[in-house]
Structures are given as structure tokens and as C-alpha cells.
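Report on the following structure.
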Amino acid sequence: MSTLLSTNIIMRPYAGEADLPAIADLLNACEAVDRLDAGTSVDELRQKFTDPDLDLSRDVRVWQDDNDLIGFAAIWVLPPGDNHSGFLWCNVHPKARGSTLETQMLAWSEQRMREVAHERGVCVYLRAGARSTHHYRVSLLEQHGFAIERYFYRMTRSLLAPIPEAQFPAGFSVRHIDSDRDAEAWVAMFNESFIDHWNHHPLTIEQFKHETTEPDYNPALDRIAIAADGTFAAFCAGHIYPKDNQRNGRNEGWINILGTRRGFRRLGLGRAMLLSGLQQLKAIGVETALLGVDSENPSGALRLYESVGFSKLYTSIAYAKEVRGEG
């Protein structure tokens, strides 16, 4: 199909709102071939591009063949800290796959991270992901020097089956979060809960507030367990994506994040919060719950999920490539 391309391919910066319809069309053309449940809309892209970690002028590029947009790439560069990484999201139109476009796109991505490495004076990592069965993406990344770092499982559970009652330890109360009042305490809890996890990067209050401004965010699905002294001890954040459900013809909801703070583990809080989250999804009519988990999660999350009825749907691969600064 790449023979249909002209010799007039150009790379250019993101042009703002005017580019959104063409980017959405490109991503949906890829979804029609790849079947990864990765369709999108202009509204969803607009919200995604407000992410505080995305520098639209430096970290988004598009590729055009005459007037047709055939390639798109964006890199989420993490703020300076212990984890110097950039997460790559890129797509090539099916008609352009197998040309030199993929190489151009990855070359730009590495050059951008090389600039980050030079600015910070450290080695950085360009990271990307692929579903294990998406052979085109797996081959592309491995041919360009990306190495496998980790495997993640997408898991599913029917909410039509009985859900055990959530049993909380004595002395803990549970409530929904207030995104303004609770922001600082919630972020501190999140960071202490995930500090032991692979590739952890601290969440900022700005990032937290951005996530709670998403149009589909429902605070009723975002719950915290609070110790008797007022400490935020554990949390479960659920989410429903109506546009995804409409596209795929399913009725699904997510357990987006589940965590227990250091000092409050092995009390049964994680299990109780998970079951409470599932009950919340079921109560508003969701039929199937989804979640993602690190296959080597050190806290035993995989065993917990399996114990309440989740099973593996598919495997995703986390790839990384080390990038050093110039000079």
C-alpha cells in the first residue's frame, strides 16, 4: 500500500484545533484495521491534548502526503525527577505502513528525547507500548532497537456474576473524594502507594486536577478509605468511557487505579476497596469491569484480581530505548 504515497511527504508541528479532525480520521483508520479498541473523536483528542505533561509545540508532530495526514506522533515527557522518560504515542495510516515513514517518525522521537537528555544532563528513555498480538507494532519497535521491559495484563470480570460484600477493617471510613479539598492528601497517598512499583513517577497536583476535569469523570466512582486519625489509607478510582462503549457496542467500566498506602497494607483494604468499586460500577448499570495490571506487580495485585473473579483478556508489552544527549 505504501506505493500509493507521493514524494511530497512533509513533517510539521501540530497546528492546533485545525488538525484535530484529520488526526481523529487517521486514528480511526488505524482502528478499522488494527481492532485495538483505540478509536477516538475530536472532543476526546481535544481533552487529551490539554494534559499538562504534553508540550504541543515541541512534542507533537504530523506527517502529510500532499493534503492527506498519514502520520501522527506525540511524546509525553515527564517532568524532571527520578524518572526521565518520554512516552510515545504514534500511528501511521495503513496505506503508508511499510514505507520509510515509520523510520522518520521514530527518528524524530529519538531526536526529541535526545534534546531532553542534553537539557537535563542525564540519560533518558523513550518508552512505547504494544499489544502482544499487534505484530506490526511489535516488529516496528523491535526493529528500531526498543527492548522489552515488562508485560501487563488487561483483565476482565462480568458484573452480572455475584460480587462479594466489601468488608472494611474496623476504624476506617469510606467516602468519595472532593477534588479541590482532597487534592494534596490524595496525591501524597497515591505517591506513597506506588513508590515501590516499576517505573513509578510521582504524580503532581496539577496532573491530578487535570484528570478530575475530564468530561466523563465521576467523583462517585472515586473513593478513599480514611483511617481513624484522618490519614488517607487506600483508594479505588473507577471510570466509564461512554464514547468507547458506544463505539464498541459494549457496556464496560474501569477500575482505573487501586492502591494502598505504605503502613496500611495487609489489612484487607485493597480487597475491600476493589469490591466496593465493583459494586459501584454495577449499581449504575455497568455489565463488565476492566482493569490493567503489571504481570510482576510486587504487591500481589494479580492474585487479588484473580481471587475476585478477574481473568486475563490480553497481554501488552512495555518497551523502552535508552537515549543519550549530544555533546
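Going through the C-alpha cells in order, the chains are called A, B, and so on, while each chain numbers its residues from 1 and the ligands are numbered from 1 in the order shown.
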Got a sec to tell me which of region 63-292 of chain A DSSP assigns to strand (DSSP E or B), as a ChimeraX atom specification? /A:63-65,68-77,85-92,124-131,147-158,173-176,222-226,232-239,252-260,288-292
Region 187-273 of chain A: which residues are alpha helix (DSSP H) by DSSP, as an MDAnalysis selection string? chainID A and resid 187:194 205:211 242:248 269:273
With distances taken over only C-alpha atoms, which of A:Glu142, A:Asp216, A:Asp180, A:Asp25 is nearest to Ala320 (chain A)?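 Ranked by minimum distance to Ala320 (chain A), first place goes to A:Glu142.
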Considering only C-alpha atoms, return as number ranges by chain whatever protein or nucleic-acid residues lie within 9 Å of Met113 (chain A), sequence-local ones (same chain, fewer than 6 positions apart) excluded. A: 75, 77, 85-86, 124-126, 323-325
I'd like the contact shell of region 304-312 of chain A - 12 Å cut-off, only C-alpha atoms, skipping same-chain residues fewer than 2 positions apart - returned as a short mmCIF file (atom, residue, chain, number, x, y, z; two decimals) with N, CA and C atoms, in the first residue's frame.
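Result file follows (out-v7.cif):
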data_model
loop_
_atom_site.label_atom_id
_atom_site.label_comp_id
_atom_site.auth_asym_id
_atom_site.auth_seq_id
_atom_site.Cartn_x
_atom_site.Cartn_y
_atom_site.Cartn_z
N PHE A 152 2.19 -6.43 30.76
CA PHE A 152 1.00 -6.03 31.51
C PHE A 152 -0.20 -6.81 30.99
N TYR A 153 -1.14 -7.08 31.89
CA TYR A 153 -2.34 -7.81 31.51
C TYR A 153 -3.56 -6.90 31.54
N ARG A 154 -4.39 -6.98 30.52
CA ARG A 154 -5.73 -6.41 30.57
C ARG A 154 -6.63 -7.52 31.09
N MET A 155 -7.39 -7.21 32.15
CA MET A 155 -8.22 -8.22 32.79
C MET A 155 -9.69 -7.80 32.76
N THR A 156 -10.57 -8.78 32.81
CA THR A 156 -12.00 -8.52 32.69
C THR A 156 -12.78 -9.37 33.68
N ARG A 157 -13.93 -8.84 34.10
CA ARG A 157 -14.83 -9.57 35.00
C ARG A 157 -16.26 -9.17 34.70
N SER A 158 -17.12 -10.14 34.60
CA SER A 158 -18.55 -9.85 34.43
C SER A 158 -19.12 -9.35 35.75
N LEU A 159 -19.88 -8.26 35.67
CA LEU A 159 -20.56 -7.75 36.86
C LEU A 159 -21.95 -8.34 37.00
N LEU A 160 -22.33 -9.20 36.07
CA LEU A 160 -23.59 -9.92 36.19
C LEU A 160 -23.45 -11.06 37.19
N ALA A 161 -22.21 -11.50 37.44
CA ALA A 161 -21.95 -12.52 38.45
C ALA A 161 -21.95 -11.86 39.83
N PRO A 162 -22.26 -12.61 40.89
CA PRO A 162 -22.29 -12.03 42.24
C PRO A 162 -20.94 -11.41 42.63
N ILE A 163 -21.02 -10.30 43.37
CA ILE A 163 -19.82 -9.63 43.88
C ILE A 163 -19.83 -9.77 45.40
N PRO A 164 -18.78 -10.33 45.99
CA PRO A 164 -18.74 -10.46 47.45
C PRO A 164 -18.89 -9.09 48.14
N GLU A 165 -19.42 -9.10 49.33
CA GLU A 165 -19.58 -7.86 50.10
C GLU A 165 -18.21 -7.33 50.51
N ALA A 166 -18.05 -6.01 50.42
CA ALA A 166 -16.79 -5.39 50.84
C ALA A 166 -16.76 -5.31 52.37
N ILE A 255 -11.84 -0.19 36.57
CA ILE A 255 -11.13 0.11 37.81
C ILE A 255 -9.81 0.70 37.36
N LEU A 258 -6.10 1.34 41.76
CA LEU A 258 -6.36 0.78 43.08
C LEU A 258 -5.04 0.78 43.83
N GLY A 259 -5.04 1.30 45.04
CA GLY A 259 -3.78 1.34 45.78
C GLY A 259 -3.99 1.42 47.28
N ARG A 266 -1.88 -5.18 53.98
CA ARG A 266 -2.16 -6.47 54.61
C ARG A 266 -3.23 -6.37 55.70
N GLY A 268 -6.47 -5.92 54.43
CA GLY A 268 -7.68 -6.21 53.66
C GLY A 268 -8.29 -4.99 53.00
N LEU A 269 -7.60 -3.84 53.08
CA LEU A 269 -8.15 -2.61 52.50
C LEU A 269 -8.23 -2.68 50.98
N GLY A 270 -7.19 -3.24 50.35
CA GLY A 270 -7.18 -3.30 48.89
C GLY A 270 -8.35 -4.12 48.36
N ARG A 271 -8.58 -5.26 48.96
CA ARG A 271 -9.68 -6.12 48.53
C ARG A 271 -11.03 -5.43 48.77
N ALA A 272 -11.17 -4.81 49.94
CA ALA A 272 -12.43 -4.13 50.25
C ALA A 272 -12.69 -2.98 49.30
N MET A 273 -11.66 -2.20 48.99
CA MET A 273 -11.84 -1.08 48.07
C MET A 273 -12.18 -1.57 46.66
N LEU A 274 -11.54 -2.65 46.24
CA LEU A 274 -11.82 -3.21 44.92
C LEU A 274 -13.28 -3.68 44.83
N LEU A 275 -13.73 -4.45 45.82
CA LEU A 275 -15.10 -4.93 45.79
C LEU A 275 -16.10 -3.78 45.86
N SER A 276 -15.76 -2.76 46.66
CA SER A 276 -16.63 -1.59 46.74
C SER A 276 -16.70 -0.88 45.39
N LEU A 278 -16.28 -2.26 42.41
CA LEU A 278 -17.07 -3.10 41.50
C LEU A 278 -18.56 -2.94 41.79
N THR A 288 -19.66 -5.10 32.59
CA THR A 288 -18.33 -5.72 32.60
C THR A 288 -17.32 -4.73 33.15
N ALA A 289 -16.44 -5.23 34.02
CA ALA A 289 -15.36 -4.40 34.57
C ALA A 289 -14.04 -4.77 33.92
N LEU A 290 -13.21 -3.76 33.66
CA LEU A 290 -11.87 -3.95 33.09
C LEU A 290 -10.84 -3.30 34.01
N LEU A 291 -9.62 -3.80 33.94
CA LEU A 291 -8.51 -3.16 34.62
C LEU A 291 -7.21 -3.62 33.98
N GLY A 292 -6.14 -2.91 34.29
CA GLY A 292 -4.81 -3.29 33.82
C GLY A 292 -3.91 -3.55 35.01
N VAL A 293 -3.00 -4.52 34.87
CA VAL A 293 -2.11 -4.86 35.98
C VAL A 293 -0.74 -5.27 35.45
N ASP A 294 0.28 -4.85 36.17
CA ASP A 294 1.65 -5.27 35.92
C ASP A 294 1.75 -6.77 36.23
N SER A 295 2.25 -7.55 35.28
CA SER A 295 2.33 -9.00 35.48
C SER A 295 3.26 -9.37 36.63
N ASN A 297 3.64 -7.27 39.41
CA ASN A 297 3.31 -6.33 40.47
C ASN A 297 3.79 -6.87 41.82
N PRO A 298 4.58 -6.08 42.58
CA PRO A 298 5.18 -6.59 43.81
C PRO A 298 4.19 -6.71 44.97
N SER A 299 3.02 -6.10 44.85
CA SER A 299 2.08 -6.11 45.98
C SER A 299 1.08 -7.26 45.91
N GLY A 300 1.20 -8.12 44.89
CA GLY A 300 0.28 -9.24 44.77
C GLY A 300 -1.04 -8.86 44.15
N ALA A 301 -1.08 -7.77 43.38
CA ALA A 301 -2.34 -7.31 42.79
C ALA A 301 -2.95 -8.34 41.86
N LEU A 302 -2.11 -9.03 41.08
CA LEU A 302 -2.64 -10.01 40.14
C LEU A 302 -3.41 -11.11 40.87
N TYR A 314 -5.95 -9.97 27.49
CA TYR A 314 -4.79 -9.98 26.60
C TYR A 314 -3.57 -9.42 27.31
N THR A 315 -2.42 -9.51 26.65
CA THR A 315 -1.15 -9.05 27.20
C THR A 315 -0.63 -7.86 26.39
N SER A 316 -0.12 -6.86 27.10
CA SER A 316 0.56 -5.73 26.46
C SER A 316 2.02 -5.72 26.87
#
Quick one: residues within 12 Å of region 33-48 of chain A, only C-alpha atoms counted, chain neighbours fewer than 5 positions away excluded, as an NGL selection string? :A and (16-28 or 53-56 or 74 or 76 or 89 or 91-95 or 97 or 130-137 or 210-217 or 241-250 or 314 or 316)
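Between Val116 (chain A) and the residues A:Tyr151, A:Ala15, A:Glu326, A:Glu206, the shortest atom-to-atom distance, using only C-alpha atoms, involves A:Glu326.
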Taking 2 positions as the minimum chain separation for residues in the same chain, which residues sit within 9 Å of Leu141 (chain A) when counting only C-alpha atoms? Answer as a PyMOL selection string. chain A and resi 106+128-130+136-139+143-147+319
Give me, please, the distance in Å between CA of Leu313 (chain A) and CA of Phe194 (chain A), quoted to one decimal. 23.9 Å
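Proximity to Ile226 (chain A) at 9 Å, evaluated using only C-alpha atoms and with sequence-adjacent residues fewer than 6 positions away removed, yields Gly171, Phe172, Ser173, Val174, Arg175, Phe232, Ala233 and Ala234 of chain A.
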Per residue of region 54-82 of chain A within 7 Å of region 8-12 of chain A, what are the shortest atom pair and its distance in Å to one decimal, counting only C-alpha atoms, with rows by chain and residue number, as a Markdown table?
| residue | atom | partner | partner_atom | distance |
| --- | --- | --- | --- | --- |
| A:Arg61 | CA | A:Arg12 | CA | 5.8 |
| A:Val62 | CA | A:Arg12 | CA | 5.6 |
| A:Trp63 | CA | A:Met11 | CA | 4.4 |
| A:Gln64 | CA | A:Ile9 | CA | 5.3 |
| A:Asp65 | CA | A:Ile9 | CA | 4.4 |
| A:Asp66 | CA | A:Asn8 | CA | 5.8 |
